$ cat run-v6.cif   # mmCIF, C-alpha atoms
data_run
loop_
_atom_site.group_PDB
_atom_site.id
_atom_site.type_symbol
_atom_site.label_atom_id
_atom_site.label_comp_id
_atom_site.auth_asym_id
_atom_site.auth_seq_id
_atom_site.Cartn_x
_atom_site.Cartn_y
_atom_site.Cartn_z
ATOM 1 C CA MET L 8 0.000 0.000 0.000
ATOM 2 C CA ASP L 9 1.341 3.433 -0.921
ATOM 3 C CA VAL L 10 -0.878 5.744 1.158
ATOM 4 C CA VAL L 11 -3.472 5.115 3.862
ATOM 5 C CA THR L 12 -5.784 7.867 5.044
ATOM 6 C CA LEU L 13 -8.731 8.073 7.420
ATOM 7 C CA GLY L 14 -11.688 10.397 7.728
ATOM 8 C CA GLU L 15 -15.266 11.119 6.746
ATOM 9 C CA SER L 16 -16.765 10.956 3.275
ATOM 10 C CA MET L 17 -20.204 12.426 2.671
ATOM 11 C CA VAL L 18 -22.885 12.709 0.057
ATOM 12 C CA VAL L 19 -22.757 16.122 -1.636
ATOM 13 C CA PHE L 20 -25.871 17.795 -3.017
ATOM 14 C CA THR L 21 -25.453 20.766 -5.363
ATOM 15 C CA PRO L 22 -28.285 22.814 -6.934
ATOM 16 C CA THR L 23 -28.398 22.647 -10.712
ATOM 17 C CA SER L 24 -28.868 26.440 -10.729
ATOM 18 C CA ASP L 25 -26.697 29.203 -9.269
ATOM 19 C CA GLY L 26 -27.877 31.687 -6.669
ATOM 20 C CA PHE L 27 -29.614 31.167 -3.335
ATOM 21 C CA MET L 28 -30.166 27.504 -2.525
ATOM 22 C CA ARG L 29 -33.595 28.395 -1.134
ATOM 23 C CA ASN L 30 -34.761 28.829 -4.714
ATOM 24 C CA ALA L 31 -33.371 25.516 -5.993
ATOM 25 C CA ASN L 32 -35.659 22.610 -6.805
ATOM 26 C CA GLN L 33 -33.198 20.244 -8.454
ATOM 27 C CA PHE L 34 -29.889 18.912 -7.124
ATOM 28 C CA THR L 35 -27.098 16.656 -8.315
ATOM 29 C CA MET L 36 -25.740 14.034 -5.924
ATOM 30 C CA LYS L 37 -22.011 13.373 -5.731
ATOM 31 C CA PHE L 38 -19.488 12.391 -3.059
ATOM 32 C CA GLY L 39 -16.797 14.249 -1.154
ATOM 33 C CA GLY L 40 -14.531 14.206 1.866
ATOM 34 C CA ALA L 41 -10.974 15.487 2.130
ATOM 35 C CA GLU L 42 -9.323 12.161 2.891
ATOM 36 C CA SER L 43 -11.265 10.059 0.397
ATOM 37 C CA ASN L 44 -10.661 12.789 -2.204
ATOM 38 C CA VAL L 45 -6.928 12.309 -1.686
ATOM 39 C CA ALA L 46 -7.310 8.535 -1.931
ATOM 40 C CA VAL L 47 -9.188 8.860 -5.234
ATOM 41 C CA GLY L 48 -6.647 11.373 -6.529
ATOM 42 C CA LEU L 49 -3.793 8.985 -5.804
ATOM 43 C CA ALA L 50 -5.589 6.031 -7.393
ATOM 44 C CA ARG L 51 -6.194 8.012 -10.587
ATOM 45 C CA LEU L 52 -2.491 8.838 -10.703
ATOM 46 C CA GLY L 53 -1.669 5.142 -10.585
ATOM 47 C CA HIS L 54 -0.935 4.576 -6.890
ATOM 48 C CA GLN L 55 -2.353 2.226 -4.259
ATOM 49 C CA SER L 56 -4.460 4.047 -1.676
ATOM 50 C CA GLY L 57 -6.571 2.870 1.232
ATOM 51 C CA TRP L 58 -9.271 4.703 3.178
ATOM 52 C CA ILE L 59 -10.356 3.944 6.761
ATOM 53 C CA SER L 60 -13.747 5.127 7.980
ATOM 54 C CA ARG L 61 -17.265 4.367 9.128
ATOM 55 C CA LEU L 62 -20.328 4.768 6.911
ATOM 56 C CA GLY L 63 -23.974 4.595 7.798
ATOM 57 C CA ASN L 64 -25.614 1.315 6.824
ATOM 58 C CA ASP L 65 -27.875 3.272 4.491
ATOM 59 C CA GLU L 66 -28.227 3.992 0.785
ATOM 60 C CA PHE L 67 -25.822 6.933 0.956
ATOM 61 C CA GLY L 68 -23.166 4.858 2.670
ATOM 62 C CA LYS L 69 -23.539 2.052 0.166
ATOM 63 C CA ALA L 70 -23.293 4.545 -2.695
ATOM 64 C CA ILE L 71 -20.051 6.018 -1.325
ATOM 65 C CA LEU L 72 -18.510 2.580 -0.854
ATOM 66 C CA ALA L 73 -19.446 1.512 -4.391
ATOM 67 C CA PHE L 74 -18.030 4.740 -5.813
ATOM 68 C CA LEU L 75 -14.697 4.384 -4.011
ATOM 69 C CA LYS L 76 -14.411 0.739 -5.026
ATOM 70 C CA GLY L 77 -14.982 1.822 -8.604
ATOM 71 C CA GLU L 78 -12.105 4.293 -8.239
ATOM 72 C CA ASN L 79 -9.770 1.484 -7.117
ATOM 73 C CA VAL L 80 -9.496 2.762 -3.542
ATOM 74 C CA ASP L 81 -9.031 -0.031 -0.990
ATOM 75 C CA VAL L 82 -12.040 0.087 1.339
ATOM 76 C CA SER L 83 -11.409 -3.149 3.212
ATOM 77 C CA GLN L 84 -11.155 -1.225 6.512
ATOM 78 C CA VAL L 85 -14.498 0.584 6.181
ATOM 79 C CA ILE L 86 -17.114 -0.329 8.800
ATOM 80 C CA PHE L 87 -20.871 -0.037 8.240
ATOM 81 C CA ASP L 88 -22.724 1.420 11.248
ATOM 82 C CA SER L 89 -26.433 0.615 11.616
ATOM 83 C CA ASP L 90 -26.888 3.102 14.472
ATOM 84 C CA ALA L 91 -25.628 6.301 12.805
ATOM 85 C CA PRO L 92 -26.199 7.893 9.385
ATOM 86 C CA THR L 93 -23.838 8.815 6.587
ATOM 87 C CA GLY L 94 -22.996 12.530 6.625
ATOM 88 C CA VAL L 95 -24.419 14.953 4.069
ATOM 89 C CA TYR L 96 -23.446 18.394 2.877
ATOM 90 C CA PHE L 97 -24.728 20.964 0.404
ATOM 91 C CA LYS L 98 -22.755 23.236 -1.905
ATOM 92 C CA GLU L 99 -24.348 26.543 -2.871
ATOM 93 C CA PRO L 100 -22.727 28.043 -6.002
ATOM 94 C CA ARG L 101 -23.680 31.685 -5.425
ATOM 95 C CA ARG L 102 -21.741 33.185 -8.318
ATOM 96 C CA GLN L 103 -18.469 32.634 -10.154
ATOM 97 C CA ASN L 104 -15.606 31.850 -7.721
ATOM 98 C CA SER L 105 -18.029 31.985 -4.782
ATOM 99 C CA THR L 106 -19.369 28.740 -3.265
ATOM 100 C CA ARG L 107 -20.890 28.322 0.181
ATOM 101 C CA VAL L 108 -20.938 24.952 1.969
ATOM 102 C CA TYR L 109 -23.436 23.658 4.559
ATOM 103 C CA TYR L 110 -22.641 20.522 6.580
ATOM 104 C CA TYR L 111 -25.093 18.065 8.156
ATOM 105 C CA ARG L 112 -22.678 15.645 9.776
ATOM 106 C CA LYS L 113 -23.219 15.823 13.550
ATOM 107 C CA GLY L 114 -23.652 12.334 14.965
ATOM 108 C CA SER L 115 -22.640 10.740 11.682
ATOM 109 C CA ALA L 116 -21.238 7.222 11.443
ATOM 110 C CA ALA L 117 -17.760 8.594 10.772
ATOM 111 C CA SER L 118 -17.867 10.620 13.989
ATOM 112 C CA LYS L 119 -18.093 7.293 15.860
ATOM 113 C CA LEU L 120 -14.688 6.161 14.552
ATOM 114 C CA SER L 121 -12.583 4.784 17.440
ATOM 115 C CA LYS L 122 -9.101 3.438 18.139
ATOM 116 C CA GLU L 123 -10.517 -0.071 18.141
ATOM 117 C CA ASP L 124 -11.393 0.368 14.450
ATOM 118 C CA LEU L 125 -7.710 0.583 13.495
ATOM 119 C CA ASN L 126 -5.914 -2.450 12.107
ATOM 120 C CA GLN L 127 -2.248 -2.053 13.024
ATOM 121 C CA ALA L 128 -1.056 -4.555 10.412
ATOM 122 C CA TYR L 129 -2.921 -2.639 7.708
ATOM 123 C CA LEU L 130 -1.456 0.728 8.697
ATOM 124 C CA THR L 131 2.113 -0.559 8.842
ATOM 125 C CA LYS L 132 1.943 -1.751 5.233
ATOM 126 C CA ALA L 133 1.700 1.850 4.010
ATOM 127 C CA LYS L 134 4.563 4.111 2.966
ATOM 128 C CA PHE L 135 2.623 7.233 4.003
ATOM 129 C CA LEU L 136 -0.160 7.968 6.485
ATOM 130 C CA HIS L 137 -2.189 10.975 5.357
ATOM 131 C CA ILE L 138 -4.243 12.797 7.992
ATOM 132 C CA THR L 139 -6.141 16.080 8.086
ATOM 133 C CA GLY L 140 -7.366 18.446 10.766
ATOM 134 C CA ILE L 141 -10.968 17.634 9.882
ATOM 135 C CA THR L 142 -11.183 14.156 11.404
ATOM 136 C CA PRO L 143 -10.082 15.122 14.948
ATOM 137 C CA ALA L 144 -12.704 17.886 14.906
ATOM 138 C CA LEU L 145 -15.573 15.418 14.472
ATOM 139 C CA SER L 146 -15.502 13.953 17.989
ATOM 140 C CA GLU L 147 -13.258 13.037 20.909
ATOM 141 C CA SER L 148 -13.095 9.431 19.724
ATOM 142 C CA CYS L 149 -12.053 10.577 16.242
ATOM 143 C CA ARG L 150 -9.328 12.702 17.822
ATOM 144 C CA GLU L 151 -8.025 9.716 19.773
ATOM 145 C CA THR L 152 -8.151 7.587 16.629
ATOM 146 C CA VAL L 153 -6.052 10.040 14.637
ATOM 147 C CA PHE L 154 -3.364 10.223 17.311
ATOM 148 C CA GLU L 155 -3.346 6.446 17.682
ATOM 149 C CA ALA L 156 -2.917 6.053 13.914
ATOM 150 C CA ILE L 157 0.019 8.476 14.053
ATOM 151 C CA ASN L 158 1.538 6.554 16.956
ATOM 152 C CA ILE L 159 1.316 3.275 15.030
ATOM 153 C CA ALA L 160 2.806 4.914 11.943
ATOM 154 C CA LYS L 161 5.740 6.462 13.779
ATOM 155 C CA GLN L 162 6.567 3.218 15.568
ATOM 156 C CA ASN L 163 6.712 1.400 12.247
ATOM 157 C CA GLY L 164 8.572 3.850 10.025
ATOM 158 C CA VAL L 165 5.502 5.116 8.122
ATOM 159 C CA THR L 166 5.875 8.757 7.064
ATOM 160 C CA VAL L 167 3.130 10.991 8.521
ATOM 161 C CA VAL L 168 1.731 13.690 6.220
ATOM 162 C CA PHE L 169 -0.543 16.293 7.814
ATOM 163 C CA ASP L 170 -2.872 18.733 6.048
ATOM 164 C CA PRO L 171 -4.389 21.092 8.669
ATOM 165 C CA ASN L 172 -7.516 21.579 6.520
ATOM 166 C CA LEU L 173 -8.987 23.970 9.080
ATOM 167 C CA ARG L 174 -12.790 23.862 9.540
ATOM 168 C CA THR L 175 -13.721 26.507 12.115
ATOM 169 C CA LYS L 176 -17.398 25.492 12.015
ATOM 170 C CA LEU L 177 -16.563 22.119 13.547
ATOM 171 C CA TRP L 178 -14.910 23.186 16.813
ATOM 172 C CA ASP L 179 -13.920 26.145 18.969
ATOM 173 C CA GLU L 180 -10.778 28.072 18.055
ATOM 174 C CA LYS L 181 -8.850 27.232 21.221
ATOM 175 C CA THR L 182 -9.300 23.471 20.851
ATOM 176 C CA ALA L 183 -8.659 23.661 17.122
ATOM 177 C CA ARG L 184 -5.416 25.599 17.551
ATOM 178 C CA GLU L 185 -4.111 23.329 20.322
ATOM 179 C CA THR L 186 -4.956 20.142 18.445
ATOM 180 C CA LEU L 187 -3.639 21.261 15.066
ATOM 181 C CA LEU L 188 -0.351 22.414 16.594
ATOM 182 C CA LYS L 189 -0.024 19.086 18.396
ATOM 183 C CA LEU L 190 -0.623 17.257 15.116
ATOM 184 C CA ALA L 191 1.926 19.471 13.378
ATOM 185 C CA GLY L 192 4.415 18.449 16.042
ATOM 186 C CA GLU L 193 3.854 14.775 15.210
ATOM 187 C CA ALA L 194 4.038 15.082 11.416
ATOM 188 C CA ASP L 195 7.000 14.497 9.129
ATOM 189 C CA ILE L 196 5.488 16.575 6.318
ATOM 190 C CA ILE L 197 2.982 19.435 6.736
ATOM 191 C CA LEU L 198 0.791 20.872 3.944
ATOM 192 C CA PRO L 199 -0.752 24.089 5.340
ATOM 193 C CA GLY L 200 -2.325 27.030 3.564
ATOM 194 C CA VAL L 201 -1.419 30.610 4.421
ATOM 195 C CA ALA L 202 -4.790 31.201 6.119
ATOM 196 C CA GLU L 203 -4.200 28.171 8.338
ATOM 197 C CA GLY L 204 -0.739 29.428 9.214
ATOM 198 C CA GLU L 205 -2.197 32.788 10.174
ATOM 199 C CA PHE L 206 -4.814 31.056 12.348
ATOM 200 C CA LEU L 207 -2.183 28.979 14.146
ATOM 201 C CA PHE L 208 0.588 31.545 14.532
ATOM 202 C CA GLY L 209 -0.912 34.984 13.863
ATOM 203 C CA GLU L 210 1.594 35.335 11.034
ATOM 204 C CA SER L 211 1.047 35.704 7.275
ATOM 205 C CA ASP L 212 4.566 36.131 5.887
ATOM 206 C CA PRO L 213 5.336 32.914 3.964
ATOM 207 C CA HIS L 214 8.988 32.683 5.028
ATOM 208 C CA ASN L 215 8.172 33.219 8.684
ATOM 209 C CA LEU L 216 5.403 30.631 8.462
ATOM 210 C CA GLY L 217 7.753 28.122 6.877
ATOM 211 C CA GLU L 218 10.185 28.528 9.749
ATOM 212 C CA LEU L 219 7.417 28.358 12.371
ATOM 213 C CA PHE L 220 6.056 25.106 10.945
ATOM 214 C CA LEU L 221 9.540 23.585 10.669
ATOM 215 C CA ASN L 222 10.115 24.476 14.297
ATOM 216 C CA GLN L 223 7.226 22.158 15.202
ATOM 217 C CA GLY L 224 9.467 19.264 14.181
ATOM 218 C CA ALA L 225 8.564 18.455 10.560
ATOM 219 C CA SER L 226 11.311 17.825 8.016
ATOM 220 C CA THR L 227 9.340 19.347 5.126
ATOM 221 C CA VAL L 228 6.682 22.061 4.917
ATOM 222 C CA ILE L 229 4.721 22.843 1.755
ATOM 223 C CA LEU L 230 2.912 26.178 2.115
ATOM 224 C CA LYS L 231 0.008 26.534 -0.325
ATOM 225 C CA MET L 232 -0.470 30.008 -1.802
ATOM 226 C CA GLY L 233 -3.481 29.441 -4.064
ATOM 227 C CA ALA L 234 -3.034 30.547 -7.667
ATOM 228 C CA THR L 235 0.408 31.959 -6.799
ATOM 229 C CA GLY L 236 1.738 28.432 -6.273
ATOM 230 C CA ALA L 237 3.384 26.932 -3.206
ATOM 231 C CA TYR L 238 6.560 27.396 -1.180
ATOM 232 C CA TYR L 239 8.532 24.432 0.023
ATOM 233 C CA PHE L 240 10.696 24.594 3.123
ATOM 234 C CA THR L 241 13.221 22.104 4.428
ATOM 235 C CA THR L 242 16.001 22.583 6.957
ATOM 236 C CA LYS L 243 18.371 23.152 4.015
ATOM 237 C CA GLU L 244 16.457 25.188 1.424
ATOM 238 C CA SER L 245 13.237 26.902 0.411
ATOM 239 C CA ALA L 246 11.705 28.251 -2.786
ATOM 240 C CA LEU L 247 8.439 29.261 -4.426
ATOM 241 C CA ILE L 248 7.148 26.912 -7.112
ATOM 242 C CA PRO L 249 4.804 29.039 -9.273
ATOM 243 C CA GLY L 250 1.228 27.912 -9.816
ATOM 244 C CA LEU L 251 -0.345 27.117 -13.158
ATOM 245 C CA SER L 252 -2.986 29.479 -14.499
ATOM 246 C CA VAL L 253 -6.374 28.123 -15.589
ATOM 247 C CA ASN L 254 -8.887 29.647 -17.970
ATOM 248 C CA GLN L 255 -11.736 29.598 -15.479
ATOM 249 C CA VAL L 256 -12.206 28.422 -11.906
ATOM 250 C CA VAL L 257 -15.444 26.430 -11.916
ATOM 251 C CA ASP L 258 -15.323 24.894 -8.423
ATOM 252 C CA PRO L 259 -12.426 25.472 -5.992
ATOM 253 C CA VAL L 260 -13.635 22.869 -3.466
ATOM 254 C CA GLY L 261 -11.273 19.908 -3.431
ATOM 255 C CA ALA L 262 -8.289 21.696 -4.967
ATOM 256 C CA GLY L 263 -6.265 21.337 -1.766
ATOM 257 C CA ASP L 264 -6.986 17.623 -1.672
ATOM 258 C CA GLY L 265 -5.854 17.353 -5.281
ATOM 259 C CA PHE L 266 -2.696 19.221 -4.329
ATOM 260 C CA ALA L 267 -2.004 16.714 -1.538
ATOM 261 C CA ALA L 268 -2.569 13.779 -3.892
ATOM 262 C CA GLY L 269 -0.254 15.316 -6.489
ATOM 263 C CA PHE L 270 2.490 15.964 -3.957
ATOM 264 C CA LEU L 271 2.296 12.464 -2.484
ATOM 265 C CA SER L 272 2.330 11.064 -6.014
ATOM 266 C CA GLY L 273 5.552 12.940 -6.679
ATOM 267 C CA LEU L 274 7.156 11.580 -3.509
ATOM 268 C CA LEU L 275 6.056 8.039 -4.377
ATOM 269 C CA ASP L 276 7.689 8.470 -7.788
ATOM 270 C CA GLU L 277 10.835 9.642 -5.974
ATOM 271 C CA LEU L 278 10.771 13.117 -7.503
ATOM 272 C CA GLU L 279 12.771 15.896 -5.890
ATOM 273 C CA ILE L 280 10.586 18.119 -3.710
ATOM 274 C CA PRO L 281 10.374 21.014 -6.228
ATOM 275 C CA LYS L 282 9.139 18.633 -8.928
ATOM 276 C CA ALA L 283 6.667 17.019 -6.512
ATOM 277 C CA VAL L 284 5.285 20.475 -5.680
ATOM 278 C CA GLU L 285 5.048 21.260 -9.384
ATOM 279 C CA ARG L 286 2.949 18.127 -9.880
ATOM 280 C CA ALA L 287 0.820 19.116 -6.879
ATOM 281 C CA ASN L 288 0.203 22.562 -8.392
ATOM 282 C CA ALA L 289 -0.848 20.956 -11.666
ATOM 283 C CA VAL L 290 -3.316 18.563 -10.025
ATOM 284 C CA GLY L 291 -4.797 21.334 -7.890
ATOM 285 C CA ALA L 292 -5.240 23.577 -10.935
ATOM 286 C CA LEU L 293 -6.987 20.848 -12.917
ATOM 287 C CA VAL L 294 -9.389 20.143 -10.043
ATOM 288 C CA THR L 295 -10.660 23.753 -10.019
ATOM 289 C CA MET L 296 -11.757 23.508 -13.651
ATOM 290 C CA VAL L 297 -14.473 20.897 -12.996
ATOM 291 C CA ASN L 298 -17.543 20.987 -10.759
ATOM 292 C CA GLY L 299 -17.456 18.442 -7.936
ATOM 293 C CA ASP L 300 -15.013 17.456 -5.194
ATOM 294 C CA VAL L 301 -13.504 14.485 -7.040
ATOM 295 C CA ASP L 302 -14.747 14.934 -10.608
ATOM 296 C CA GLY L 303 -11.799 17.104 -11.606
ATOM 297 C CA LEU L 304 -9.112 14.857 -10.131
ATOM 298 C CA PRO L 305 -6.970 14.031 -13.172
ATOM 299 C CA GLU L 306 -5.276 10.925 -14.450
ATOM 300 C CA ARG L 307 -1.519 10.951 -14.891
ATOM 301 C CA GLU L 308 -1.623 11.689 -18.628
ATOM 302 C CA GLU L 309 -3.598 14.904 -18.074
ATOM 303 C CA VAL L 310 -1.094 16.116 -15.490
ATOM 304 C CA GLU L 311 1.851 15.371 -17.761
ATOM 305 C CA GLN L 312 0.151 17.173 -20.651
ATOM 306 C CA LEU L 313 -0.460 20.282 -18.542
ATOM 307 C CA LEU L 314 3.125 20.343 -17.290
ATOM 308 C CA SER L 315 4.561 19.780 -20.767
ATOM 309 C CA ARG L 316 2.474 22.649 -22.160
ATOM 310 C CA ARG L 317 3.759 24.864 -19.408
ATOM 311 C CA PHE L 318 7.328 23.865 -20.267
ATOM 312 C CA GLU L 319 6.701 24.602 -23.939
ATOM 313 C CA ASP L 320 5.342 28.050 -23.059
ATOM 314 C CA VAL L 321 8.483 28.764 -21.037
ATOM 315 C CA VAL L 322 10.981 27.657 -23.694
ATOM 316 C CA ARG L 323 9.241 29.362 -26.632
#
$ encode --input "run-v6.cif" --output "structure tokens"
Amino acid sequence: MDVVTLGESMVVFTPTSDGFMRNANQFTMKFGGAESNVAVGLARLGHQSGWISRLGNDEFGKAILAFLKGENVDVSQVIFDSDAPTGVYFKEPRRQNSTRVYYYRKGSAASKLSKEDLNQAYLTKAKFLHITGITPALSESCRETVFEAINIAKQNGVTVVFDPNLRTKLWDEKTARETLLKLAGEADIILPGVAEGEFLFGESDPHNLGELFLNQGASTVILKMGATGAYYFTTKESALIPGLSVNQVVDPVGAGDGFAAGFLSGLLDELEIPKAVERANAVGALVTMVNGDVDGLPEREEVEQLLSRRFEDVVR
């Protein structure tokens, strides 16, 4: 197994028309969740990914499981819960580049995830453990599960990759800040955005943030800067890897998950960090051009085509 991740996946309903959702009478149904998005992104790029979670023993849960199986994500560690539902959320596309999100996930099956649900042998087969700051916000048992997964990974030489993925609606700021900083201190690689860095440290300068995150103990920090690109920081060097421009941003939700999948893909292919970040930028850019959390996640050929076009533009 290349990458194992754990967290909640939900059914996503989106109105077929823009504007206030109160006026919508038709919706599309798709699937989303930061960790499963990353797992799908990796699978489409040709890697082996596994996703650990709980789903409600309902039609939504069964639909998510079937979808992930169809995307070649290993779901052998998913547990069906007959006492709790699958989470749901709604996306409201207000206008171009403006989408609001409404979650209905309290008491969901995934929020019941516990340490006892972890299979140590399964986790230790992975090269990377990918975690986000969303899962520990769902419940105390989810928080314990995330830290236990990290503990198992670190004891068995599995590299821990942490994306803060801040969701202020899920918990109070004090608990969020304390927990995310603790997770940053356990991670080998951190993938924060500038806004998350400002939340954690009260600092927005990229170079200062890179140093602050490295001081938590990670060996590598990739600081996402949106369309500008991303900085990488190690104890030896740092640089900005420029982003790739797109004709039109259709749906920005899921771009950060695509970025994480692209970066992990680069590491799995043993690329140097700058090249891995370049791949991450390309995947993130492609995701924004398609509506849906996972619909825009590209296959390897699309990423290579985008990067080769960029190279051609540079050398012309």
$ closest_residue --input "run-v6.cif" --among "L:Pro100, L:Gly39, L:Pro305, L:Pro92" --to "Leu75 (chain L)" --atoms "all atoms listed in the file"
L:Gly39
$ residues_around --input "run-v6.cif" --residues "region 105-114 of chain L" --least-positions-apart "4" --cutoff "10 Å" --atoms "all atoms listed in the file" --output "ChimeraX atom specification"
/L:15-21,25-28,90-101,118-119,145-146,176-177,256-260
$ write_last_selection --input "run-v6.cif" --atoms "C-alpha atoms" --output "short mmCIF file (atom, residue, chain, number, x, y, z; two decimals), in the frame of the given file"
data_model
loop_
_atom_site.label_atom_id
_atom_site.label_comp_id
_atom_site.auth_asym_id
_atom_site.auth_seq_id
_atom_site.Cartn_x
_atom_site.Cartn_y
_atom_site.Cartn_z
CA GLU L 15 -15.27 11.12 6.75
CA SER L 16 -16.76 10.96 3.28
CA MET L 17 -20.20 12.43 2.67
CA VAL L 18 -22.88 12.71 0.06
CA VAL L 19 -22.76 16.12 -1.64
CA PHE L 20 -25.87 17.80 -3.02
CA THR L 21 -25.45 20.77 -5.36
CA ASP L 25 -26.70 29.20 -9.27
CA GLY L 26 -27.88 31.69 -6.67
CA PHE L 27 -29.61 31.17 -3.34
CA MET L 28 -30.17 27.50 -2.52
CA ASP L 90 -26.89 3.10 14.47
CA ALA L 91 -25.63 6.30 12.80
CA PRO L 92 -26.20 7.89 9.38
CA THR L 93 -23.84 8.82 6.59
CA GLY L 94 -23.00 12.53 6.62
CA VAL L 95 -24.42 14.95 4.07
CA TYR L 96 -23.45 18.39 2.88
CA PHE L 97 -24.73 20.96 0.40
CA LYS L 98 -22.76 23.24 -1.90
CA GLU L 99 -24.35 26.54 -2.87
CA PRO L 100 -22.73 28.04 -6.00
CA ARG L 101 -23.68 31.68 -5.42
CA SER L 118 -17.87 10.62 13.99
CA LYS L 119 -18.09 7.29 15.86
CA LEU L 145 -15.57 15.42 14.47
CA SER L 146 -15.50 13.95 17.99
CA LYS L 176 -17.40 25.49 12.02
CA LEU L 177 -16.56 22.12 13.55
CA VAL L 256 -12.21 28.42 -11.91
CA VAL L 257 -15.44 26.43 -11.92
CA ASP L 258 -15.32 24.89 -8.42
CA PRO L 259 -12.43 25.47 -5.99
CA VAL L 260 -13.64 22.87 -3.47
#
$ resolve_selection --input "run-v6.cif" --expression "the PyMOL selection byres ((chain L and resi 55) around 10)" --output "list in words"
Met8, Asp9, Val10, Val11, Ala46, Val47, Leu49, Ala50, Arg51, Leu52, Gly53, His54, Ser56, Gly57, Asn79, Val80, Asp81 and Ala133 of chain L
$ residues_around --input "run-v6.cif" --residues "region 122-127 of chain L" --least-positions-apart "3" --cutoff "9 Å" --atoms "only C-alpha atoms" --output "mmCIF file with C-alpha atoms, in the frame of the given file"
data_model
loop_
_atom_site.group_PDB
_atom_site.id
_atom_site.type_symbol
_atom_site.label_atom_id
_atom_site.label_comp_id
_atom_site.auth_asym_id
_atom_site.auth_seq_id
_atom_site.Cartn_x
_atom_site.Cartn_y
_atom_site.Cartn_z
ATOM 1 C CA ILE L 59 -10.356 3.944 6.761
ATOM 2 C CA SER L 60 -13.747 5.127 7.980
ATOM 3 C CA ARG L 61 -17.265 4.367 9.128
ATOM 4 C CA GLN L 84 -11.155 -1.225 6.512
ATOM 5 C CA VAL L 85 -14.498 0.584 6.181
ATOM 6 C CA ILE L 86 -17.114 -0.329 8.800
ATOM 7 C CA LEU L 130 -1.456 0.728 8.697
ATOM 8 C CA THR L 131 2.113 -0.559 8.842
ATOM 9 C CA LYS L 132 1.943 -1.751 5.233
ATOM 10 C CA SER L 148 -13.095 9.431 19.724
ATOM 11 C CA CYS L 149 -12.053 10.577 16.242
ATOM 12 C CA GLU L 151 -8.025 9.716 19.773
ATOM 13 C CA THR L 152 -8.151 7.587 16.629
ATOM 14 C CA VAL L 153 -6.052 10.040 14.637
ATOM 15 C CA PHE L 154 -3.364 10.223 17.311
ATOM 16 C CA GLU L 155 -3.346 6.446 17.682
ATOM 17 C CA ALA L 156 -2.917 6.053 13.914
ATOM 18 C CA ILE L 159 1.316 3.275 15.030
ATOM 19 C CA ALA L 160 2.806 4.914 11.943
#
$ closest_residue --input "run-v6.cif" --among "L:Gly140, L:Pro199, L:Gly217, L:Gly233" --to "Ala289 (chain L)" --atoms "only C-alpha atoms"
L:Gly233
$ atom_distance --input "run-v6.cif" --atom1 "CA of Tyr239 (chain L)" --atom2 "CA of Gly269 (chain L)"
14.2 Å
$ residues_near_point --input "run-v6.cif" --point "(-11.4, 11.7, 4.6)" --cutoff "9 Å" --atoms "all atoms listed in the file" --output "VMD selection string"
chain L and resid 12 to 16 39 to 46 58 to 60 138 to 139 141 to 142
$ resolve_selection --input "run-v6.cif" --expression "the PyMOL selection byres ((chain L and resi 185-192) around 7)" --output "PDB file with C-alpha atoms, in the coordinates of the input"
ATOM      1  CA  GLY L 140      -7.366  18.446  10.766  1.00  0.00           C
ATOM      2  CA  PHE L 169      -0.543  16.293   7.814  1.00  0.00           C
ATOM      3  CA  PRO L 171      -4.389  21.092   8.669  1.00  0.00           C
ATOM      4  CA  LYS L 181      -8.850  27.232  21.221  1.00  0.00           C
ATOM      5  CA  THR L 182      -9.300  23.471  20.851  1.00  0.00           C
ATOM      6  CA  ALA L 183      -8.659  23.661  17.122  1.00  0.00           C
ATOM      7  CA  ARG L 184      -5.416  25.599  17.551  1.00  0.00           C
ATOM      8  CA  GLU L 193       3.854  14.775  15.210  1.00  0.00           C
ATOM      9  CA  ALA L 194       4.038  15.082  11.416  1.00  0.00           C
ATOM     10  CA  ILE L 197       2.982  19.435   6.736  1.00  0.00           C
ATOM     11  CA  GLN L 223       7.226  22.158  15.202  1.00  0.00           C
ATOM     12  CA  GLY L 224       9.467  19.264  14.181  1.00  0.00           C
ATOM     13  CA  ALA L 225       8.564  18.455  10.560  1.00  0.00           C
TER      14      ALA L 225
END
$ atom_distance --input "run-v6.cif" --atom1 "CA of Asp88 (chain L)" --atom2 "CA of Lys134 (chain L)"
28.6 Å
$ decode --input "run-v6.cif" --residues "region 41-47 of chain L" --atoms "N, CA and C atoms" --output "CSV table (one decimal), in the first residue's frame"
chain,number,residue,atom,x,y,z
L,41,ALA,N,-12.4,15.2,2.4
L,41,ALA,CA,-11.0,15.5,2.1
L,41,ALA,C,-10.1,14.2,2.0
L,42,GLU,N,-10.2,13.3,2.9
L,42,GLU,CA,-9.3,12.2,2.9
L,42,GLU,C,-9.6,11.2,1.8
L,43,SER,N,-10.9,10.9,1.5
L,43,SER,CA,-11.3,10.1,0.4
L,43,SER,C,-11.0,10.7,-0.9
L,44,ASN,N,-11.1,12.1,-1.0
L,44,ASN,CA,-10.7,12.8,-2.2
L,44,ASN,C,-9.2,12.5,-2.5
L,45,VAL,N,-8.4,12.6,-1.5
L,45,VAL,CA,-6.9,12.3,-1.7
L,45,VAL,C,-6.7,10.9,-2.1
L,46,ALA,N,-7.4,9.9,-1.5
L,46,ALA,CA,-7.3,8.5,-1.9
L,46,ALA,C,-7.7,8.3,-3.4
L,47,VAL,N,-8.8,9.0,-3.8
L,47,VAL,CA,-9.2,8.9,-5.2
L,47,VAL,C,-8.1,9.5,-6.1
